[in-house]
Amino acid sequence: MDKRIHFFSQKDVIPKNVASELLGIRGRQANEFAELKFPILPGFIIDTTLASEIDPKLIRKDVIPLLNKVSSLVGKDFGDSANPMLLKVVISSNLAITTYPTLHNFGLAKPTINGFSNWVGKDFAAHEVLFLVRGMLKIEERIKELEANAKLQAEISAQLKMLDSALGIRGPSNELGKEEKQVKIDKSAEFYMDFYAKYFPKGFFDTAEQQILITLGEISRMFQMDDQNDNDTALMISPMVYGNYGRDSCSGAYFSRNVVTGEKILQGQFFREKFNESGSAGQPIERIGAQHLKELQRIAWTLEDRFKEIRQIRFTVENGKLWLIEQRLVDQKSTQADLRLLLDLAGRKIIDNATVIKSIEPLRLNEILHPVIDSASVKEFKSWKGGIAGAPGAAIGRVYFSTDSLLEALKVAQQKGEDTRFILVLESSFAEDVKAIEVSTGVLTAEGGYSAHASVVARQYGKVSLVALGMKIRNKIATLGNLSFKEGDYITLNVPFYGESNVYLGTAKLIEPNPKESGFLDFIKLTKGFIKKFHVRCNADTPRDAALALSFGADGVGLCRTEHMFFQENRINVFREMLLSTVPQDRARALAKLQVMQREDFYGILKVMAGKEVTIRLLDSPLHEFMPHNEDEIQSLIDHMQRVKKVKISKAEITTSVEALHEFNPMLGHRGCRIAVSYPEIYAMQVRAIFEAAYKLRSEKIDARPEIMIPIIMNASELKLIAYGKKIEGSSYTGIVDIEEELRLQKKAKPVEYQIGTMIELPAAALGAGEIAKYGRFFSFGTNDLTQTTLGISRDDFTAFMPDYTLFDLIVGNPFSTLDPRVRELIAMATERGRLTRPDLVCGLCGEHGANPANVRFCMDAGLDYVSCSPYSVPIALLAVAQAELEKAQD
């Protein structure tokens, strides 16, 4: 036996002293499976040192005995006229990507075709002959190309095109050309042998033995002529088996575990007495029979342990005997499935915990906390594809085109016990739409992008958000391309993290997430074990948000946006009442009612986060955002004023007040600390509510740690005024410390632990950080506004011109997702300057930038102490931190 030919089987392993590169990639895989004692089809490999210099006459003395050895294991003889064994030839290169075809069905010759037909039928036999022909024509086409025989090459190419049509093989477009017609297979196998014999060396179809020897010679000749081969390609010859080869035969394919849930149960089908699944009704893999099922489980789970990933396996049972045909990685699988596999492997010490952490892309965790669509349920639905993903997941609901109409529909549905799933569809959203987004399943808008208001709020509340640029809403009908839907229609939003989003007309079937069963909570616990000093807080405006974020691993609240608390239905008109008050006593009464509400808000959040810091941002939004914006809201306010204050107020008066608060550029107008200077009583109310909640919790022996944050500061004087107050001739300003002291004295209590700090969201504040740090114990970088004010770009409008900027490389990426270099420079500079003044200054970043892994690594490198993001983004940030810590440990 030539030492350059190597036999393998379930019981025969190629010796270790044979260099693995001599076998090619496919050859190495076959030998690996032999080492694992898998039921692989036996065969032999002509290694790379021989494959390019095969002499068919000389190699016969080795090939025929090896084929006899293979036959004894398979139970069929090569060349037998009654029950022939057929072969496939795999061109096993050492390159991961090759253009060589896999060649099938060798042994289909004139003496064997009738015997094969008796087992599988004449039509199938003809089909297999054409597959044999197609593979060999590929070899001959390449030889003619290398010989520069253009005429014969063109003729073979034309035949291949017709064969591809007949066999249902398509090109890249997966469609026939306009002039092409499907070619039918309507002749006998013998006819096709006679017709195509002229393209092959003489005697190709005469006997099975001649056919395989001619084939090996032709492939070797191609290698000799091809300069690109470089003598690094082997040939692997093994038998073929068929799932339609008798009663106790089948074919099948399955995954090593459920690719959606990750449950360690085989998922797949088998097809009784069928060659493959084409046009066949399959049966669940668990019904295949106990003996075969046990072996399929062994194969699947051994492969998982070896490759550390979910695998797909193809197999064939021929006359009761199981054979492994192929196994490969799985592209379409859920994050949950990968996560459960990794935790399973770590639990059995096959991989370490660090490998688990490094194996999951942080942003993939978006998927595991949201429902996913069962793709089979939407196959017949009308749909639209595209858009910008604002918050991933899947959502179903009836469409409503305004906050008021959605909230009214919700009331009616609750009263009647009907479906309460709704999707808010708007041109764009504003602060007053938060309450509708909160109760909806998803939001679809026509303007903005990932950092638009609707997207940010949706991520905060764990809702689905899609921005469909170009969507038109007219007369309560929305149009997306060829898809239209009206108010009250059901739609399904599918917003995956990877791939294109879809809007479907109708209700899909959803697969709901289960953080506990998915292994997600175990994964978070594992992740936090790798985190040292740097930590992750959450953005939370309600106790529910805070509790959810805490369960996801948050270490405190980095941003509590108090303005969101006022938009609740039972509060908004009280706030409007306060704004419309012209008499100090009336304003004080309204503020007193708001203070009670705020105290309960802060009490709930601080209690949930006991022992952890809670950063509460005082009112930031411009006042005009709280005023009524449509007829229904105006009427609601009129009714409130008459019911509560017994005061009649006209629509004209309200409109006048709204106009008085109007600003041309509210983002840079009367907001944040500027409101506190003009209306100190509003901030005073909020500060009292914070301290009342803190002292109440202290009396209950609960460790409350409020941090009071002043927004939109541009210089140290503003922060000094609001924090410590000021007295001037004829006037005074009561600061935060004064309010706390007054309340403490009233209660005769010891001081509670609290901090005062500021948001750095203006370039001026970053530049003046050294002075500002004199009066604040912490900085929180509000990167949405800092990006807007640094670049002069509106996050809600930049998508209108961003495609043009991207086209000409005028800006890299989305600056509202990945921090711009100049914004990073301001953050690093402000941190450094602030700590020169106050070495123990705590610095963090709040906003959705904090969930981007690239930003997290920057924050760690810049010396920040934490990032803060929405509850559903906390696990993403935690994983990014853990991975960064592991990278640092390796450096």
# chains A, B, ... in the order shown; residues from 1 in each chain; ligands from 1
>>> residues_around(residues="range 598-607 of chain A", least_positions_apart="6", cutoff="7 Å", atoms="only C-alpha atoms", output="list in words")
Thr542, Pro543, Ala546, Val614, Gln686, Ala689, Ile690, Glu692, Ala693, Ala694, Ile702 and Ala704 of chain A
>>> closest_atom_pairs(of="range 610-665 of chain A", to="range 841-855 of chain A", cutoff="12 Å", atoms="only C-alpha atoms", output="CSV")
residue,atom,partner,partner_atom,distance
A:Glu613,CA,A:Val842,CA,11.5
A:Thr615,CA,A:Cys846,CA,10.2
A:Ile616,CA,A:Cys846,CA,11.8
A:Arg617,CA,A:Cys846,CA,11.0
>>> write_last_selection(atoms="N, CA, C and O atoms", output="CSV table (one decimal), in the first residue's frame")
chain,number,residue,atom,x,y,z
A,613,GLU,N,-26.2,54.6,45.6
A,613,GLU,CA,-26.4,56.0,45.2
A,613,GLU,C,-27.5,56.2,44.2
A,613,GLU,O,-27.7,55.4,43.3
A,615,THR,N,-28.9,59.2,41.8
A,615,THR,CA,-28.7,60.6,41.3
A,615,THR,C,-30.0,61.1,40.7
A,615,THR,O,-30.5,60.6,39.7
A,616,ILE,N,-30.5,62.2,41.3
A,616,ILE,CA,-31.8,62.8,40.9
A,616,ILE,C,-31.5,64.1,40.2
A,616,ILE,O,-31.0,65.0,40.8
A,617,ARG,N,-31.8,64.1,39.0
A,617,ARG,CA,-31.7,65.4,38.2
A,617,ARG,C,-32.9,66.2,38.4
A,617,ARG,O,-34.0,65.8,38.1
>>> closest_residue(among="A:Pro515, A:Pro111, A:Gly24, A:Gly611", to="Asn231 in chain A", atoms="only C-alpha atoms")
A:Gly24
>>> closest_residue(among="A:Asp541, A:Asp232, A:Asp620, A:Glu35", to="Met709 in chain A", atoms="only C-alpha atoms")
A:Asp620
>>> select_by_dssp(residues="range 462-552 of chain A", states="strand (DSSP E)", output="ChimeraX atom specification")
/A:464-467,472-474,477-480,483-486,490-495,502-505,510-511,535-539
>>> write_last_selection(atoms="N, CA and C atoms", output="mmCIF file, in the first residue's frame")
data_model
loop_
_atom_site.group_PDB
_atom_site.id
_atom_site.type_symbol
_atom_site.label_atom_id
_atom_site.label_comp_id
_atom_site.auth_asym_id
_atom_site.auth_seq_id
_atom_site.Cartn_x
_atom_site.Cartn_y
_atom_site.Cartn_z
ATOM 1 N N VAL A 464 -40.348 48.390 22.126
ATOM 2 C CA VAL A 464 -39.737 48.261 20.801
ATOM 3 C C VAL A 464 -39.887 49.585 20.064
ATOM 4 N N SER A 465 -38.845 49.998 19.363
ATOM 5 C CA SER A 465 -38.904 51.262 18.622
ATOM 6 C C SER A 465 -38.287 51.090 17.245
ATOM 7 N N LEU A 466 -38.986 51.599 16.240
ATOM 8 C CA LEU A 466 -38.484 51.594 14.870
ATOM 9 C C LEU A 466 -38.722 52.962 14.254
ATOM 10 N N VAL A 467 -37.692 53.502 13.620
ATOM 11 C CA VAL A 467 -37.819 54.764 12.893
ATOM 12 C C VAL A 467 -37.888 54.436 11.409
ATOM 13 N N LYS A 472 -45.508 58.069 5.705
ATOM 14 C CA LYS A 472 -46.463 59.165 5.576
ATOM 15 C C LYS A 472 -47.713 58.841 6.380
ATOM 16 N N ILE A 473 -48.210 59.830 7.125
ATOM 17 C CA ILE A 473 -49.453 59.664 7.882
ATOM 18 C C ILE A 473 -50.433 60.721 7.401
ATOM 19 N N ARG A 474 -51.515 60.271 6.781
ATOM 20 C CA ARG A 474 -52.530 61.176 6.260
ATOM 21 C C ARG A 474 -53.912 60.620 6.593
ATOM 22 N N ILE A 477 -54.203 57.282 8.230
ATOM 23 C CA ILE A 477 -53.704 56.136 7.457
ATOM 24 C C ILE A 477 -52.199 56.324 7.286
ATOM 25 N N ALA A 478 -51.447 55.321 7.656
ATOM 26 C CA ALA A 478 -49.986 55.368 7.507
ATOM 27 C C ALA A 478 -49.584 54.551 6.296
ATOM 28 N N THR A 479 -48.609 55.060 5.551
ATOM 29 C CA THR A 479 -48.135 54.373 4.352
ATOM 30 C C THR A 479 -46.626 54.200 4.414
ATOM 31 N N LEU A 480 -46.205 52.947 4.228
ATOM 32 C CA LEU A 480 -44.784 52.589 4.159
ATOM 33 C C LEU A 480 -44.584 51.834 2.855
ATOM 34 N N LEU A 483 -47.129 49.224 1.709
ATOM 35 C CA LEU A 483 -47.893 48.779 2.878
ATOM 36 C C LEU A 483 -48.631 49.958 3.497
ATOM 37 N N SER A 484 -49.926 49.792 3.710
ATOM 38 C CA SER A 484 -50.729 50.836 4.358
ATOM 39 C C SER A 484 -51.538 50.215 5.492
ATOM 40 N N PHE A 485 -51.745 50.995 6.541
ATOM 41 C CA PHE A 485 -52.598 50.536 7.641
ATOM 42 C C PHE A 485 -53.264 51.738 8.277
ATOM 43 N N LYS A 486 -54.451 51.514 8.808
ATOM 44 C CA LYS A 486 -55.243 52.595 9.381
ATOM 45 C C LYS A 486 -55.349 52.431 10.894
ATOM 46 N N TYR A 490 -54.156 45.929 13.337
ATOM 47 C CA TYR A 490 -53.050 45.263 14.034
ATOM 48 C C TYR A 490 -51.814 45.242 13.137
ATOM 49 N N ILE A 491 -50.673 45.618 13.704
ATOM 50 C CA ILE A 491 -49.400 45.447 13.010
ATOM 51 C C ILE A 491 -48.417 44.755 13.954
ATOM 52 N N THR A 492 -47.381 44.197 13.373
ATOM 53 C CA THR A 492 -46.298 43.574 14.138
ATOM 54 C C THR A 492 -44.992 44.252 13.762
ATOM 55 N N LEU A 493 -44.255 44.707 14.763
ATOM 56 C CA LEU A 493 -42.923 45.273 14.538
ATOM 57 C C LEU A 493 -41.893 44.200 14.858
ATOM 58 N N ASN A 494 -40.971 43.995 13.966
ATOM 59 C CA ASN A 494 -39.850 43.084 14.216
ATOM 60 C C ASN A 494 -38.568 43.875 14.030
ATOM 61 N N VAL A 495 -37.893 44.159 15.140
ATOM 62 C CA VAL A 495 -36.691 45.001 15.116
ATOM 63 C C VAL A 495 -35.536 44.186 15.700
ATOM 64 N N ASN A 502 -38.682 44.772 10.126
ATOM 65 C CA ASN A 502 -39.884 44.564 9.332
ATOM 66 C C ASN A 502 -41.104 45.119 10.055
ATOM 67 N N VAL A 503 -42.046 45.611 9.250
ATOM 68 C CA VAL A 503 -43.378 45.930 9.751
ATOM 69 C C VAL A 503 -44.339 44.997 9.025
ATOM 70 N N TYR A 504 -45.090 44.187 9.771
ATOM 71 C CA TYR A 504 -46.036 43.242 9.189
ATOM 72 C C TYR A 504 -47.461 43.709 9.475
ATOM 73 N N LEU A 505 -48.344 43.533 8.509
ATOM 74 C CA LEU A 505 -49.759 43.812 8.712
ATOM 75 C C LEU A 505 -50.410 42.541 9.239
ATOM 76 N N LEU A 510 -45.430 35.338 18.933
ATOM 77 C CA LEU A 510 -44.224 35.776 19.621
ATOM 78 C C LEU A 510 -43.719 34.700 20.581
ATOM 79 N N ILE A 511 -42.419 34.650 20.713
ATOM 80 C CA ILE A 511 -41.782 33.812 21.722
ATOM 81 C C ILE A 511 -41.268 34.756 22.803
ATOM 82 N N HIS A 535 -18.239 50.664 37.673
ATOM 83 C CA HIS A 535 -19.534 50.009 37.803
ATOM 84 C C HIS A 535 -20.574 50.634 36.875
ATOM 85 N N VAL A 536 -21.750 50.037 36.875
ATOM 86 C CA VAL A 536 -22.829 50.445 35.966
ATOM 87 C C VAL A 536 -24.057 50.811 36.793
ATOM 88 N N ARG A 537 -24.560 52.012 36.561
ATOM 89 C CA ARG A 537 -25.818 52.443 37.168
ATOM 90 C C ARG A 537 -26.910 52.436 36.095
ATOM 91 N N CYS A 538 -28.115 52.784 36.537
ATOM 92 C CA CYS A 538 -29.236 52.785 35.586
ATOM 93 C C CYS A 538 -29.892 54.158 35.529
ATOM 94 N N ASN A 539 -30.584 54.400 34.442
ATOM 95 C CA ASN A 539 -31.481 55.542 34.335
ATOM 96 C C ASN A 539 -32.866 55.039 34.746
#
>>> residues_around(residues="Glu21 in chain A", least_positions_apart="2", cutoff="10 Å", atoms="only C-alpha atoms", output="ChimeraX atom specification")
/A:18-19,23-25,27-28,47-48,93-94,232-234
>>> residues_around(residues="Leu132 in chain A", least_positions_apart="6", cutoff="10 Å", atoms="only C-alpha atoms", output="number ranges by chain")
A: 88, 102-108, 126, 193
>>> write_last_selection(atoms="all heavy atoms", output="compact mmCIF listing (two decimals), in the first residue's frame")
# COMPACT_ATOMS: atom_id res chain seq x y z
N LYS A 88 -18.38 9.21 -3.42
CA LYS A 88 -18.19 10.64 -3.65
C LYS A 88 -16.71 10.94 -3.51
O LYS A 88 -15.99 10.29 -2.74
CB LYS A 88 -19.02 11.49 -2.70
CG LYS A 88 -18.60 11.45 -1.25
CD LYS A 88 -19.47 12.41 -0.44
CE LYS A 88 -19.11 12.34 1.05
NZ LYS A 88 -19.95 13.25 1.85
N THR A 102 -17.79 19.37 -5.03
CA THR A 102 -17.83 18.03 -4.45
C THR A 102 -18.47 17.13 -5.49
O THR A 102 -19.49 17.47 -6.08
CB THR A 102 -18.65 18.02 -3.15
OG1 THR A 102 -18.01 18.85 -2.20
CG2 THR A 102 -18.75 16.61 -2.59
N LEU A 103 -17.87 15.99 -5.71
CA LEU A 103 -18.27 15.11 -6.82
C LEU A 103 -18.99 13.89 -6.26
O LEU A 103 -18.47 13.21 -5.36
CB LEU A 103 -17.03 14.71 -7.61
CG LEU A 103 -16.15 15.90 -8.05
CD1 LEU A 103 -14.81 15.42 -8.56
CD2 LEU A 103 -16.87 16.72 -9.11
N HIS A 104 -20.17 13.58 -6.80
CA HIS A 104 -21.02 12.53 -6.25
C HIS A 104 -21.31 11.42 -7.27
O HIS A 104 -21.17 11.62 -8.48
CB HIS A 104 -22.38 13.10 -5.81
CG HIS A 104 -22.30 14.13 -4.73
ND1 HIS A 104 -22.13 15.46 -4.98
CD2 HIS A 104 -22.37 14.00 -3.39
CE1 HIS A 104 -22.11 16.13 -3.84
NE2 HIS A 104 -22.24 15.27 -2.86
N ASN A 105 -21.75 10.29 -6.72
CA ASN A 105 -22.40 9.22 -7.49
C ASN A 105 -21.48 8.45 -8.41
O ASN A 105 -21.93 7.90 -9.43
CB ASN A 105 -23.59 9.78 -8.29
CG ASN A 105 -24.61 10.47 -7.42
OD1 ASN A 105 -24.76 10.12 -6.25
ND2 ASN A 105 -25.29 11.45 -7.96
N PHE A 106 -20.20 8.35 -8.11
CA PHE A 106 -19.31 7.53 -8.92
C PHE A 106 -19.61 6.06 -8.69
O PHE A 106 -19.77 5.62 -7.54
CB PHE A 106 -17.84 7.87 -8.62
CG PHE A 106 -17.49 9.27 -9.02
CD1 PHE A 106 -17.42 10.28 -8.09
CD2 PHE A 106 -17.27 9.57 -10.36
CE1 PHE A 106 -17.13 11.58 -8.48
CE2 PHE A 106 -16.97 10.87 -10.75
CZ PHE A 106 -16.91 11.87 -9.81
N GLY A 107 -19.71 5.35 -9.76
CA GLY A 107 -20.18 3.97 -9.72
C GLY A 107 -21.46 3.79 -10.48
O GLY A 107 -21.91 2.66 -10.72
N LEU A 108 -22.07 4.91 -10.90
CA LEU A 108 -23.25 4.83 -11.76
C LEU A 108 -22.77 4.66 -13.20
O LEU A 108 -22.47 5.63 -13.89
CB LEU A 108 -24.11 6.09 -11.61
CG LEU A 108 -24.99 6.17 -10.36
CD1 LEU A 108 -25.78 7.47 -10.34
CD2 LEU A 108 -25.93 4.98 -10.25
N ALA A 126 -32.03 8.69 -12.79
CA ALA A 126 -31.66 9.63 -13.85
C ALA A 126 -31.16 10.95 -13.25
O ALA A 126 -30.19 11.54 -13.73
CB ALA A 126 -32.86 9.88 -14.76
N MET A 193 -26.34 9.02 -20.01
CA MET A 193 -24.97 8.47 -20.09
C MET A 193 -24.45 8.55 -21.52
O MET A 193 -23.32 8.99 -21.77
CB MET A 193 -24.94 7.02 -19.60
CG MET A 193 -25.10 6.86 -18.10
SD MET A 193 -25.01 5.10 -17.66
CE MET A 193 -25.26 5.19 -15.90
>>> atom_distance(atom1="CA of Ile396 in chain A", atom2="CA of Ala409 in chain A")
15.3 Å
>>> residues_around(residues="range 238-252 of chain A", least_positions_apart="2", cutoff="7 Å", atoms="only C-alpha atoms", output="PyMOL selection string")
chain A and resi 41-44+85-89+119-120+236+254+269-276+314-320
>>> closest_residue(among="A:Asp796, A:Glu128, A:Asp2, A:Asp374", to="Ala454 in chain A", atoms="only C-alpha atoms")
A:Asp796
>>> closest_residue(among="A:Gly289, A:Tyr450, A:Pro622, A:Ile360", to="Phe430 in chain A", atoms="only C-alpha atoms")
A:Pro622
>>> residues_around(residues="Ile682 in chain A", least_positions_apart="4", cutoff="10 Å", atoms="only C-alpha atoms", output="count of residues only")
15
>>> decode(residues="range 198-212 of chain A", atoms="N, CA, C and O atoms", output="mmCIF file, in the first residue's frame")
data_model
loop_
_atom_site.group_PDB
_atom_site.id
_atom_site.type_symbol
_atom_site.label_atom_id
_atom_site.label_comp_id
_atom_site.auth_asym_id
_atom_site.auth_seq_id
_atom_site.Cartn_x
_atom_site.Cartn_y
_atom_site.Cartn_z
ATOM 1 N N LYS A 198 -19.486 11.887 -24.561
ATOM 2 C CA LYS A 198 -18.535 12.532 -25.464
ATOM 3 C C LYS A 198 -17.676 13.587 -24.767
ATOM 4 O O LYS A 198 -16.611 13.965 -25.263
ATOM 5 N N TYR A 199 -18.134 14.087 -23.598
ATOM 6 C CA TYR A 199 -17.382 15.125 -22.906
ATOM 7 C C TYR A 199 -16.311 14.554 -21.972
ATOM 8 O O TYR A 199 -15.514 15.306 -21.402
ATOM 9 N N PHE A 200 -16.296 13.241 -21.822
ATOM 10 C CA PHE A 200 -15.387 12.606 -20.864
ATOM 11 C C PHE A 200 -14.453 11.634 -21.586
ATOM 12 O O PHE A 200 -14.719 11.220 -22.723
ATOM 13 N N PRO A 201 -13.357 11.262 -20.947
ATOM 14 C CA PRO A 201 -12.456 10.273 -21.551
ATOM 15 C C PRO A 201 -13.215 8.982 -21.901
ATOM 16 O O PRO A 201 -14.196 8.618 -21.250
ATOM 17 N N LYS A 202 -12.738 8.315 -22.895
ATOM 18 C CA LYS A 202 -13.380 7.100 -23.405
ATOM 19 C C LYS A 202 -13.534 6.056 -22.296
ATOM 20 O O LYS A 202 -12.628 5.826 -21.506
ATOM 21 N N GLY A 203 -14.709 5.433 -22.259
ATOM 22 C CA GLY A 203 -14.975 4.373 -21.296
ATOM 23 C C GLY A 203 -15.485 4.852 -19.955
ATOM 24 O O GLY A 203 -15.594 4.053 -19.015
ATOM 25 N N PHE A 204 -15.829 6.155 -19.841
ATOM 26 C CA PHE A 204 -16.218 6.713 -18.537
ATOM 27 C C PHE A 204 -17.429 5.997 -17.946
ATOM 28 O O PHE A 204 -17.501 5.790 -16.724
ATOM 29 N N PHE A 205 -18.393 5.628 -18.775
ATOM 30 C CA PHE A 205 -19.603 4.973 -18.266
ATOM 31 C C PHE A 205 -19.586 3.457 -18.473
ATOM 32 O O PHE A 205 -20.585 2.794 -18.202
ATOM 33 N N ASP A 206 -18.452 2.893 -18.909
ATOM 34 C CA ASP A 206 -18.425 1.463 -19.219
ATOM 35 C C ASP A 206 -18.490 0.608 -17.963
ATOM 36 O O ASP A 206 -19.257 -0.362 -17.907
ATOM 37 N N THR A 207 -17.670 0.909 -16.972
ATOM 38 C CA THR A 207 -17.704 0.159 -15.712
ATOM 39 C C THR A 207 -17.465 1.121 -14.564
ATOM 40 O O THR A 207 -16.894 2.211 -14.735
ATOM 41 N N ALA A 208 -17.890 0.703 -13.367
ATOM 42 C CA ALA A 208 -17.679 1.533 -12.176
ATOM 43 C C ALA A 208 -16.199 1.730 -11.906
ATOM 44 O O ALA A 208 -15.749 2.824 -11.551
ATOM 45 N N GLU A 209 -15.415 0.647 -12.095
ATOM 46 C CA GLU A 209 -13.983 0.732 -11.816
ATOM 47 C C GLU A 209 -13.305 1.721 -12.745
ATOM 48 O O GLU A 209 -12.526 2.583 -12.310
ATOM 49 N N GLN A 210 -13.611 1.629 -14.052
ATOM 50 C CA GLN A 210 -13.013 2.574 -14.997
ATOM 51 C C GLN A 210 -13.394 4.016 -14.641
ATOM 52 O O GLN A 210 -12.579 4.928 -14.734
ATOM 53 N N GLN A 211 -14.642 4.187 -14.228
ATOM 54 C CA GLN A 211 -15.144 5.534 -13.941
ATOM 55 C C GLN A 211 -14.366 6.206 -12.812
ATOM 56 O O GLN A 211 -13.948 7.365 -12.931
ATOM 57 N N ILE A 212 -14.141 5.496 -11.714
ATOM 58 C CA ILE A 212 -13.441 6.124 -10.591
ATOM 59 C C ILE A 212 -11.970 6.356 -10.924
ATOM 60 O O ILE A 212 -11.394 7.385 -10.542
#
